[in-house]
file run07.cif (mmCIF, N, CA and C atoms)
data_my_file
#
loop_
_atom_site.label_atom_id
_atom_site.label_comp_id
_atom_site.auth_asym_id
_atom_site.auth_seq_id
_atom_site.Cartn_x
_atom_site.Cartn_y
_atom_site.Cartn_z
N MET S 8 -167.03 71.57 16.20
CA MET S 8 -167.47 71.05 17.48
C MET S 8 -166.48 71.49 18.57
N ASP S 9 -166.99 72.18 19.58
CA ASP S 9 -166.16 72.64 20.70
C ASP S 9 -166.30 71.64 21.85
N VAL S 10 -165.30 70.78 22.00
CA VAL S 10 -165.34 69.72 23.00
C VAL S 10 -165.46 70.31 24.41
N ARG S 11 -164.77 71.41 24.66
CA ARG S 11 -164.85 72.01 26.00
C ARG S 11 -166.27 72.47 26.32
N GLU S 12 -166.93 73.03 25.34
CA GLU S 12 -168.32 73.48 25.56
C GLU S 12 -169.25 72.29 25.78
N ILE S 13 -169.05 71.24 25.01
CA ILE S 13 -169.85 70.01 25.19
C ILE S 13 -169.61 69.46 26.60
N ASN S 14 -168.34 69.39 27.01
CA ASN S 14 -168.01 68.86 28.34
C ASN S 14 -168.65 69.71 29.44
N ARG S 15 -168.63 71.04 29.28
CA ARG S 15 -169.27 71.91 30.29
C ARG S 15 -170.75 71.57 30.43
N GLY S 16 -171.42 71.36 29.30
CA GLY S 16 -172.83 71.01 29.34
C GLY S 16 -173.07 69.67 30.00
N VAL S 17 -172.23 68.69 29.70
CA VAL S 17 -172.37 67.36 30.31
C VAL S 17 -172.15 67.46 31.82
N ILE S 18 -171.15 68.20 32.24
CA ILE S 18 -170.86 68.36 33.66
C ILE S 18 -172.05 69.01 34.37
N GLU S 19 -172.62 70.04 33.77
CA GLU S 19 -173.81 70.70 34.36
C GLU S 19 -174.97 69.73 34.48
N GLN S 20 -175.26 68.99 33.40
CA GLN S 20 -176.37 68.04 33.41
C GLN S 20 -176.13 66.94 34.45
N PHE S 21 -174.91 66.45 34.53
CA PHE S 21 -174.57 65.39 35.49
C PHE S 21 -174.81 65.87 36.91
N ARG S 22 -174.28 67.04 37.23
CA ARG S 22 -174.40 67.56 38.59
C ARG S 22 -175.82 67.96 38.93
N ALA S 23 -176.63 68.26 37.95
CA ALA S 23 -178.03 68.60 38.19
C ALA S 23 -178.85 67.34 38.52
N GLY S 24 -178.31 66.17 38.19
CA GLY S 24 -178.94 64.92 38.59
C GLY S 24 -179.92 64.33 37.59
N GLY S 25 -180.13 64.97 36.49
CA GLY S 25 -181.09 64.46 35.51
C GLY S 25 -180.42 63.68 34.41
N PRO S 26 -181.19 63.43 33.34
CA PRO S 26 -180.61 62.72 32.19
C PRO S 26 -179.53 63.57 31.52
N ILE S 27 -178.65 62.89 30.82
CA ILE S 27 -177.56 63.56 30.13
C ILE S 27 -177.73 63.28 28.64
N GLU S 28 -177.91 64.34 27.91
CA GLU S 28 -178.21 64.24 26.49
C GLU S 28 -177.15 63.42 25.75
N GLY S 29 -177.60 62.33 25.10
CA GLY S 29 -176.72 61.51 24.28
C GLY S 29 -175.79 60.59 25.04
N MET S 30 -175.95 60.46 26.36
CA MET S 30 -175.03 59.62 27.15
C MET S 30 -175.81 58.74 28.12
N HIS S 31 -175.15 57.69 28.56
CA HIS S 31 -175.71 56.80 29.56
C HIS S 31 -175.18 57.23 30.92
N ARG S 32 -176.02 57.84 31.71
CA ARG S 32 -175.62 58.37 33.02
C ARG S 32 -174.97 57.31 33.91
N GLU S 33 -175.46 56.08 33.83
CA GLU S 33 -174.96 55.02 34.71
C GLU S 33 -173.53 54.59 34.36
N ARG S 34 -172.99 55.05 33.25
CA ARG S 34 -171.62 54.72 32.85
C ARG S 34 -170.72 55.95 32.81
N LEU S 35 -171.20 57.06 33.40
CA LEU S 35 -170.46 58.32 33.32
C LEU S 35 -169.84 58.68 34.65
N VAL S 36 -168.59 59.11 34.60
CA VAL S 36 -167.87 59.60 35.78
C VAL S 36 -167.32 60.98 35.44
N LEU S 37 -167.31 61.85 36.43
CA LEU S 37 -166.60 63.12 36.31
C LEU S 37 -165.29 62.94 37.06
N LEU S 38 -164.18 63.11 36.35
CA LEU S 38 -162.86 62.93 36.93
C LEU S 38 -162.19 64.30 37.01
N THR S 39 -161.82 64.68 38.23
CA THR S 39 -161.12 65.96 38.42
C THR S 39 -159.66 65.68 38.75
N THR S 40 -158.80 66.21 37.90
CA THR S 40 -157.36 66.09 38.07
C THR S 40 -156.80 67.48 38.36
N THR S 41 -155.55 67.52 38.80
CA THR S 41 -154.86 68.79 39.02
C THR S 41 -153.95 69.04 37.83
N GLY S 42 -154.10 70.22 37.23
CA GLY S 42 -153.29 70.57 36.07
C GLY S 42 -151.80 70.49 36.37
N ARG S 43 -151.08 69.77 35.56
CA ARG S 43 -149.65 69.55 35.81
C ARG S 43 -148.83 70.81 35.65
N ARG S 44 -149.31 71.78 34.89
CA ARG S 44 -148.59 73.04 34.70
C ARG S 44 -149.20 74.17 35.52
N THR S 45 -150.54 74.16 35.65
CA THR S 45 -151.23 75.28 36.29
C THR S 45 -151.53 75.05 37.76
N GLY S 46 -151.65 73.78 38.15
CA GLY S 46 -152.04 73.47 39.52
C GLY S 46 -153.52 73.68 39.79
N THR S 47 -154.30 73.97 38.74
CA THR S 47 -155.74 74.19 38.91
C THR S 47 -156.50 72.91 38.61
N PRO S 48 -157.68 72.76 39.23
CA PRO S 48 -158.47 71.56 38.98
C PRO S 48 -159.11 71.58 37.59
N HIS S 49 -159.15 70.41 36.97
CA HIS S 49 -159.78 70.24 35.65
C HIS S 49 -160.70 69.03 35.74
N THR S 50 -161.96 69.23 35.37
CA THR S 50 -162.95 68.14 35.42
C THR S 50 -163.27 67.68 34.01
N THR S 51 -163.23 66.37 33.82
CA THR S 51 -163.50 65.77 32.52
C THR S 51 -164.56 64.68 32.68
N PRO S 52 -165.64 64.75 31.90
CA PRO S 52 -166.60 63.65 31.91
C PRO S 52 -166.09 62.52 31.02
N MET S 53 -166.28 61.29 31.46
CA MET S 53 -165.86 60.15 30.65
C MET S 53 -166.61 58.89 31.07
N MET S 54 -166.55 57.92 30.20
CA MET S 54 -167.14 56.62 30.48
C MET S 54 -166.24 55.86 31.45
N PHE S 55 -166.87 55.06 32.31
CA PHE S 55 -166.08 54.19 33.19
C PHE S 55 -166.62 52.78 33.10
N HIS S 56 -165.81 51.85 33.57
CA HIS S 56 -166.22 50.45 33.67
C HIS S 56 -165.91 49.97 35.08
N PRO S 57 -166.90 49.44 35.80
CA PRO S 57 -166.63 48.94 37.15
C PRO S 57 -165.75 47.68 37.09
N ASP S 58 -164.82 47.59 38.03
CA ASP S 58 -163.92 46.45 38.10
C ASP S 58 -163.63 46.17 39.56
N GLY S 59 -164.47 45.37 40.19
CA GLY S 59 -164.33 45.10 41.62
C GLY S 59 -164.55 46.37 42.41
N ASP S 60 -163.55 46.73 43.25
CA ASP S 60 -163.69 47.91 44.10
C ASP S 60 -163.11 49.17 43.45
N ARG S 61 -162.86 49.10 42.16
CA ARG S 61 -162.30 50.26 41.46
C ARG S 61 -163.09 50.53 40.18
N LEU S 62 -162.88 51.72 39.64
CA LEU S 62 -163.45 52.09 38.35
C LEU S 62 -162.31 52.17 37.35
N LEU S 63 -162.55 51.71 36.13
CA LEU S 63 -161.55 51.80 35.08
C LEU S 63 -161.96 52.87 34.08
N VAL S 64 -161.00 53.69 33.68
CA VAL S 64 -161.21 54.67 32.61
C VAL S 64 -160.11 54.46 31.58
N VAL S 65 -160.41 54.82 30.34
CA VAL S 65 -159.51 54.55 29.23
C VAL S 65 -159.06 55.86 28.61
N ALA S 66 -157.75 56.04 28.47
CA ALA S 66 -157.18 57.26 27.91
C ALA S 66 -156.97 57.11 26.41
N SER S 67 -158.06 56.80 25.70
CA SER S 67 -157.94 56.54 24.26
C SER S 67 -157.74 57.81 23.45
N ASN S 68 -158.33 58.89 23.90
CA ASN S 68 -158.26 60.16 23.16
C ASN S 68 -158.70 59.96 21.72
N VAL S 69 -159.67 59.05 21.54
CA VAL S 69 -160.25 58.70 20.24
C VAL S 69 -159.17 58.31 19.22
N GLY S 70 -158.06 57.75 19.72
CA GLY S 70 -156.99 57.29 18.85
C GLY S 70 -156.01 58.36 18.43
N ALA S 71 -156.05 59.52 19.05
CA ALA S 71 -155.10 60.59 18.73
C ALA S 71 -153.67 60.13 19.07
N PRO S 72 -152.67 60.73 18.43
CA PRO S 72 -151.29 60.30 18.69
C PRO S 72 -150.78 60.64 20.09
N GLN S 73 -151.43 61.57 20.78
CA GLN S 73 -150.98 61.96 22.12
C GLN S 73 -152.02 61.56 23.17
N HIS S 74 -151.54 61.38 24.39
CA HIS S 74 -152.42 61.08 25.51
C HIS S 74 -153.31 62.30 25.79
N PRO S 75 -154.50 62.07 26.33
CA PRO S 75 -155.33 63.21 26.73
C PRO S 75 -154.72 63.95 27.92
N ASP S 76 -155.04 65.24 28.02
CA ASP S 76 -154.49 66.06 29.10
C ASP S 76 -154.81 65.48 30.47
N TRP S 77 -156.04 64.98 30.66
CA TRP S 77 -156.41 64.47 31.98
C TRP S 77 -155.48 63.32 32.39
N TYR S 78 -155.07 62.51 31.44
CA TYR S 78 -154.17 61.40 31.74
C TYR S 78 -152.79 61.93 32.16
N LEU S 79 -152.27 62.88 31.40
CA LEU S 79 -150.97 63.46 31.74
C LEU S 79 -151.02 64.12 33.11
N ASN S 80 -152.15 64.74 33.44
CA ASN S 80 -152.31 65.35 34.76
C ASN S 80 -152.25 64.31 35.88
N LEU S 81 -152.95 63.19 35.72
CA LEU S 81 -152.98 62.21 36.81
C LEU S 81 -151.68 61.43 36.92
N VAL S 82 -150.92 61.34 35.83
CA VAL S 82 -149.60 60.74 35.93
C VAL S 82 -148.70 61.63 36.80
N ALA S 83 -148.84 62.96 36.62
CA ALA S 83 -148.06 63.91 37.42
C ALA S 83 -148.53 63.96 38.87
N ASP S 84 -149.84 63.79 39.09
CA ASP S 84 -150.42 63.83 40.44
C ASP S 84 -151.60 62.88 40.47
N PRO S 85 -151.42 61.67 41.02
CA PRO S 85 -152.46 60.65 40.98
C PRO S 85 -153.63 60.88 41.95
N ALA S 86 -153.58 61.93 42.77
CA ALA S 86 -154.71 62.24 43.65
C ALA S 86 -155.80 62.92 42.82
N VAL S 87 -156.96 62.28 42.73
CA VAL S 87 -158.05 62.77 41.89
C VAL S 87 -159.35 62.80 42.68
N THR S 88 -160.34 63.50 42.13
CA THR S 88 -161.69 63.48 42.69
C THR S 88 -162.60 62.79 41.69
N VAL S 89 -163.42 61.88 42.20
CA VAL S 89 -164.34 61.10 41.38
C VAL S 89 -165.77 61.47 41.75
N GLU S 90 -166.58 61.76 40.74
CA GLU S 90 -168.01 61.96 40.93
C GLU S 90 -168.71 60.90 40.09
N VAL S 91 -169.43 60.03 40.75
CA VAL S 91 -170.15 58.96 40.07
C VAL S 91 -171.51 58.82 40.72
N ASP S 92 -172.54 58.73 39.89
CA ASP S 92 -173.92 58.72 40.36
C ASP S 92 -174.13 59.98 41.20
N ARG S 93 -174.45 59.87 42.46
CA ARG S 93 -174.62 61.05 43.32
C ARG S 93 -173.56 61.10 44.42
N GLU S 94 -172.45 60.45 44.18
CA GLU S 94 -171.39 60.34 45.18
C GLU S 94 -170.11 61.02 44.68
N THR S 95 -169.42 61.71 45.58
CA THR S 95 -168.13 62.33 45.28
C THR S 95 -167.12 61.82 46.30
N TYR S 96 -165.95 61.39 45.82
CA TYR S 96 -164.93 60.93 46.75
C TYR S 96 -163.54 61.14 46.16
N GLN S 97 -162.57 61.13 47.05
CA GLN S 97 -161.16 61.24 46.66
C GLN S 97 -160.67 59.84 46.29
N ALA S 98 -159.82 59.79 45.28
CA ALA S 98 -159.30 58.51 44.82
C ALA S 98 -157.85 58.67 44.38
N THR S 99 -157.24 57.52 44.18
CA THR S 99 -155.89 57.48 43.61
C THR S 99 -156.00 56.84 42.23
N ALA S 100 -155.40 57.49 41.25
CA ALA S 100 -155.41 56.99 39.87
C ALA S 100 -154.12 56.21 39.62
N GLU S 101 -154.29 55.02 39.09
CA GLU S 101 -153.13 54.15 38.85
C GLU S 101 -153.22 53.55 37.45
N PRO S 102 -152.34 53.96 36.53
CA PRO S 102 -152.32 53.31 35.22
C PRO S 102 -151.98 51.82 35.38
N LEU S 103 -152.76 50.98 34.72
CA LEU S 103 -152.54 49.54 34.83
C LEU S 103 -151.32 49.12 34.03
N GLN S 104 -150.69 48.03 34.48
CA GLN S 104 -149.51 47.50 33.81
C GLN S 104 -149.56 45.99 33.80
N GLY S 105 -148.77 45.42 32.95
CA GLY S 105 -148.58 43.96 32.94
C GLY S 105 -149.86 43.19 32.72
N ALA S 106 -149.99 42.09 33.46
CA ALA S 106 -151.13 41.19 33.32
C ALA S 106 -152.45 41.89 33.66
N ASP S 107 -152.41 42.81 34.62
CA ASP S 107 -153.63 43.56 34.99
C ASP S 107 -154.11 44.39 33.80
N TYR S 108 -153.18 45.05 33.12
CA TYR S 108 -153.53 45.82 31.92
C TYR S 108 -154.07 44.89 30.83
N ASP S 109 -153.35 43.81 30.56
CA ASP S 109 -153.75 42.88 29.50
C ASP S 109 -155.16 42.35 29.72
N ARG S 110 -155.47 41.94 30.95
CA ARG S 110 -156.80 41.42 31.26
C ARG S 110 -157.86 42.50 31.07
N ALA S 111 -157.60 43.70 31.62
CA ALA S 111 -158.57 44.79 31.52
C ALA S 111 -158.77 45.22 30.08
N TRP S 112 -157.69 45.37 29.32
CA TRP S 112 -157.80 45.80 27.92
C TRP S 112 -158.60 44.78 27.11
N ALA S 113 -158.34 43.50 27.33
CA ALA S 113 -159.10 42.46 26.60
C ALA S 113 -160.58 42.55 26.94
N GLU S 114 -160.90 42.73 28.21
CA GLU S 114 -162.31 42.84 28.62
C GLU S 114 -162.95 44.09 28.04
N LEU S 115 -162.26 45.21 28.15
CA LEU S 115 -162.82 46.47 27.67
C LEU S 115 -163.04 46.48 26.16
N THR S 116 -162.09 45.95 25.42
CA THR S 116 -162.26 45.95 23.96
C THR S 116 -163.30 44.95 23.49
N THR S 117 -163.55 43.92 24.29
CA THR S 117 -164.64 42.99 23.98
C THR S 117 -166.00 43.65 24.25
N LEU S 118 -166.11 44.30 25.39
CA LEU S 118 -167.37 44.95 25.76
C LEU S 118 -167.63 46.22 24.96
N TYR S 119 -166.57 46.95 24.64
CA TYR S 119 -166.68 48.25 23.97
C TYR S 119 -165.71 48.26 22.78
N PRO S 120 -166.10 47.67 21.66
CA PRO S 120 -165.19 47.51 20.52
C PRO S 120 -164.62 48.82 19.97
N PHE S 121 -165.26 49.93 20.26
CA PHE S 121 -164.73 51.20 19.75
C PHE S 121 -163.35 51.51 20.33
N PHE S 122 -163.03 50.97 21.52
CA PHE S 122 -161.68 51.18 22.05
C PHE S 122 -160.63 50.48 21.19
N ALA S 123 -160.95 49.28 20.70
CA ALA S 123 -160.03 48.58 19.80
C ALA S 123 -159.85 49.37 18.51
N GLU S 124 -160.93 49.98 18.03
CA GLU S 124 -160.85 50.81 16.83
C GLU S 124 -159.95 52.02 17.09
N HIS S 125 -160.08 52.64 18.26
CA HIS S 125 -159.21 53.78 18.60
C HIS S 125 -157.75 53.35 18.55
N ALA S 126 -157.46 52.14 19.04
CA ALA S 126 -156.07 51.66 19.09
C ALA S 126 -155.47 51.51 17.70
N THR S 127 -156.30 51.23 16.69
CA THR S 127 -155.78 51.08 15.32
C THR S 127 -155.36 52.42 14.73
N LYS S 128 -155.77 53.52 15.33
CA LYS S 128 -155.49 54.86 14.79
C LYS S 128 -154.21 55.47 15.36
N THR S 129 -153.58 54.80 16.31
CA THR S 129 -152.41 55.39 16.97
C THR S 129 -151.32 54.34 17.19
N GLU S 130 -150.10 54.81 17.31
CA GLU S 130 -148.99 53.90 17.61
C GLU S 130 -148.75 53.75 19.10
N ARG S 131 -149.36 54.64 19.91
CA ARG S 131 -149.13 54.56 21.35
C ARG S 131 -150.00 53.46 21.96
N THR S 132 -149.55 52.94 23.08
CA THR S 132 -150.38 52.01 23.85
C THR S 132 -151.40 52.85 24.60
N ILE S 133 -152.66 52.51 24.45
CA ILE S 133 -153.72 53.28 25.10
C ILE S 133 -153.79 52.87 26.57
N PRO S 134 -153.59 53.83 27.47
CA PRO S 134 -153.61 53.50 28.89
C PRO S 134 -155.02 53.17 29.42
N VAL S 135 -155.05 52.26 30.37
CA VAL S 135 -156.23 51.99 31.18
C VAL S 135 -155.85 52.39 32.60
N VAL S 136 -156.71 53.16 33.23
CA VAL S 136 -156.41 53.70 34.56
C VAL S 136 -157.44 53.21 35.56
N ALA S 137 -156.95 52.70 36.69
CA ALA S 137 -157.83 52.32 37.80
C ALA S 137 -157.97 53.50 38.74
N LEU S 138 -159.22 53.77 39.13
CA LEU S 138 -159.51 54.80 40.14
C LEU S 138 -159.93 54.07 41.40
N ARG S 139 -159.15 54.24 42.44
CA ARG S 139 -159.39 53.50 43.69
C ARG S 139 -159.51 54.48 44.85
N ARG S 140 -160.57 54.26 45.66
CA ARG S 140 -160.76 55.10 46.86
C ARG S 140 -159.54 55.06 47.75
#

call {"tool": "encode", "arguments": {"input": "run07.cif", "output": "structure tokens"}}
result
Amino acid sequence: MDVREINRGVIEQFRAGGPIEGMHRERLVLLTTTGRRTGTPHTTPMMFHPDGDRLLVVASNVGAPQHPDWYLNLVADPAVTVEVDRETYQATAEPLQGADYDRAWAELTTLYPFFAEHATKTERTIPVVALRR
């Protein structure tokens, strides 16, 4: 399975405005970060969860021992582009900490138990990131 090829297809389907094979369009965001080494834009499709005036995304990397590249990119440069539904806007990415993280993680793992399963596969704390306009 070539994840990059799958992601390219999802990005094309999302931007075309139609259904996205195997995914729930209403829970999908395209997040564009700036490569921390290359300085080039990288777009990643992922699930989001609305949380007031911000969107939450989870850097679970399916429980891999390392953080996903998109997360490392936004830590280096928190200015990101968000595409959700038919809207595109600039946002700031902020990894949650403390009580905000604890509340969000509890809610996310209750609503989406697969995130809790991902956490059992790794020793790292899985980041939750707020995307705010």

call {"tool": "closest_residue", "arguments": {"input": "run07.cif", "among": "S:Asp60, S:Val69, S:Asp9, S:His49", "to": "S:Phe121", "atoms": "all atoms listed in the file"}}
result
S:Val69

call {"tool": "residues_around", "arguments": {"input": "run07.cif", "residues": "S:Glu12", "least_positions_apart": "6", "cutoff": "12 Å", "atoms": "only C-alpha atoms", "output": "JSON, numbers by chain"}}
result
{"S": [18, 19, 51, 52]}

call {"tool": "resolve_selection", "arguments": {"input": "run07.cif", "expression": "the PyMOL selection byres (((chain S and resi 41 and name CA) around 9) and name CA)", "output": "list in words"}}
result
Thr39, Thr40, Gly42, Arg43, Arg44, Thr45, Gly46, Thr47, Pro48, His49, Thr50, Trp77, Asn80, Leu81, Ala83, Asp84, Pro85, Ala86 and Val87 of chain S

call {"tool": "atom_distance", "arguments": {"input": "run07.cif", "atom1": "atom CA of S:Pro26", "atom2": "atom CA of S:Val91"}}
result
13.6 Å

call {"tool": "resolve_selection", "arguments": {"input": "run07.cif", "expression": "the PyMOL selection byres ((chain S and resi 134) around 5)", "output": "list in words"}}
result
Val65, Ala66, Thr132, Ile133, Val135 and Val136 of chain S

call {"tool": "residues_around", "arguments": {"input": "run07.cif", "residues": "S:Glu130", "least_positions_apart": "3", "cutoff": "10 Å", "atoms": "only C-alpha atoms", "output": "list in words"}}
result
Gly70, Ala71, Pro72, Gln73, Ala126, Thr127 and Ile133 of chain S

call {"tool": "select_by_dssp", "arguments": {"input": "run07.cif", "residues": "chain S", "states": "strand (DSSP E)", "output": "number ranges by chain"}}
result
S: 35-41, 48-54, 56-58, 61-65, 86-91, 94-102, 135-139

call {"tool": "atom_distance", "arguments": {"input": "run07.cif", "atom1": "atom CA of S:Arg139", "atom2": "atom C of S:Glu33"}}
result
17.0 Å

call {"tool": "atom_distance", "arguments": {"input": "run07.cif", "atom1": "atom CA of S:Thr95", "atom2": "atom CA of S:Leu115"}}
result
24.3 Å

call {"tool": "closest_residue", "arguments": {"input": "run07.cif", "among": "S:His31, S:Pro57, S:Leu138, S:Arg110", "to": "S:Tyr96", "atoms": "only C-alpha atoms"}}
result
S:Leu138

call {"tool": "closest_residue", "arguments": {"input": "run07.cif", "among": "S:Phe55, S:Leu118, S:His74, S:Asp92", "to": "S:Ile27", "atoms": "only C-alpha atoms"}}
result
S:Asp92

call {"tool": "select_by_dssp", "arguments": {"input": "run07.cif", "residues": "chain S", "states": "helix (DSSP H, G or I)", "output": "PyMOL selection string"}}
result
chain S and resi 10-23+32-34+68-70+76-83+105-118+120-127

call {"tool": "residues_around", "arguments": {"input": "run07.cif", "residues": "S:Met53", "least_positions_apart": "3", "cutoff": "6 Å", "atoms": "all atoms listed in the file", "output": "list in words"}}
result
Arg34, Leu35, Val36, Leu37 and Leu38 of chain S

call {"tool": "build_atoms", "arguments": {"input": "run07.cif", "residues": "stretch 59-72 of chain S", "atoms": "N, CA, C and O atoms", "output": "tab-separated table (two decimals), in the frame of the given file"}}
result
chain	number	residue	atom	x	y	z
S	59	GLY	N	-164.47	45.37	40.19
S	59	GLY	CA	-164.33	45.10	41.62
S	59	GLY	C	-164.55	46.37	42.41
S	59	GLY	O	-165.54	47.07	42.23
S	60	ASP	N	-163.55	46.73	43.25
S	60	ASP	CA	-163.69	47.91	44.10
S	60	ASP	C	-163.11	49.17	43.45
S	60	ASP	O	-162.91	50.18	44.11
S	61	ARG	N	-162.86	49.10	42.16
S	61	ARG	CA	-162.30	50.26	41.46
S	61	ARG	C	-163.09	50.53	40.18
S	61	ARG	O	-163.86	49.69	39.71
S	62	LEU	N	-162.88	51.72	39.64
S	62	LEU	CA	-163.45	52.09	38.35
S	62	LEU	C	-162.31	52.17	37.35
S	62	LEU	O	-161.21	52.64	37.68
S	63	LEU	N	-162.55	51.71	36.13
S	63	LEU	CA	-161.55	51.80	35.08
S	63	LEU	C	-161.96	52.87	34.08
S	63	LEU	O	-163.13	52.95	33.69
S	64	VAL	N	-161.00	53.69	33.68
S	64	VAL	CA	-161.21	54.67	32.61
S	64	VAL	C	-160.11	54.46	31.58
S	64	VAL	O	-159.02	53.97	31.90
S	65	VAL	N	-160.41	54.82	30.34
S	65	VAL	CA	-159.51	54.55	29.23
S	65	VAL	C	-159.06	55.86	28.61
S	65	VAL	O	-159.88	56.70	28.24
S	66	ALA	N	-157.75	56.04	28.47
S	66	ALA	CA	-157.18	57.26	27.91
S	66	ALA	C	-156.97	57.11	26.41
S	66	ALA	O	-155.88	57.27	25.88
S	67	SER	N	-158.06	56.80	25.70
S	67	SER	CA	-157.94	56.54	24.26
S	67	SER	C	-157.74	57.81	23.45
S	67	SER	O	-157.08	57.78	22.41
S	68	ASN	N	-158.33	58.89	23.90
S	68	ASN	CA	-158.26	60.16	23.16
S	68	ASN	C	-158.70	59.96	21.72
S	68	ASN	O	-158.15	60.55	20.79
S	69	VAL	N	-159.67	59.05	21.54
S	69	VAL	CA	-160.25	58.70	20.24
S	69	VAL	C	-159.17	58.31	19.22
S	69	VAL	O	-159.30	58.52	18.03
S	70	GLY	N	-158.06	57.75	19.72
S	70	GLY	CA	-156.99	57.29	18.85
S	70	GLY	C	-156.01	58.36	18.43
S	70	GLY	O	-155.19	58.13	17.53
S	71	ALA	N	-156.05	59.52	19.05
S	71	ALA	CA	-155.10	60.59	18.73
S	71	ALA	C	-153.67	60.13	19.07
S	71	ALA	O	-153.48	59.25	19.92
S	72	PRO	N	-152.67	60.73	18.43
S	72	PRO	CA	-151.29	60.30	18.69
S	72	PRO	C	-150.78	60.64	20.09
S	72	PRO	O	-149.82	60.05	20.55
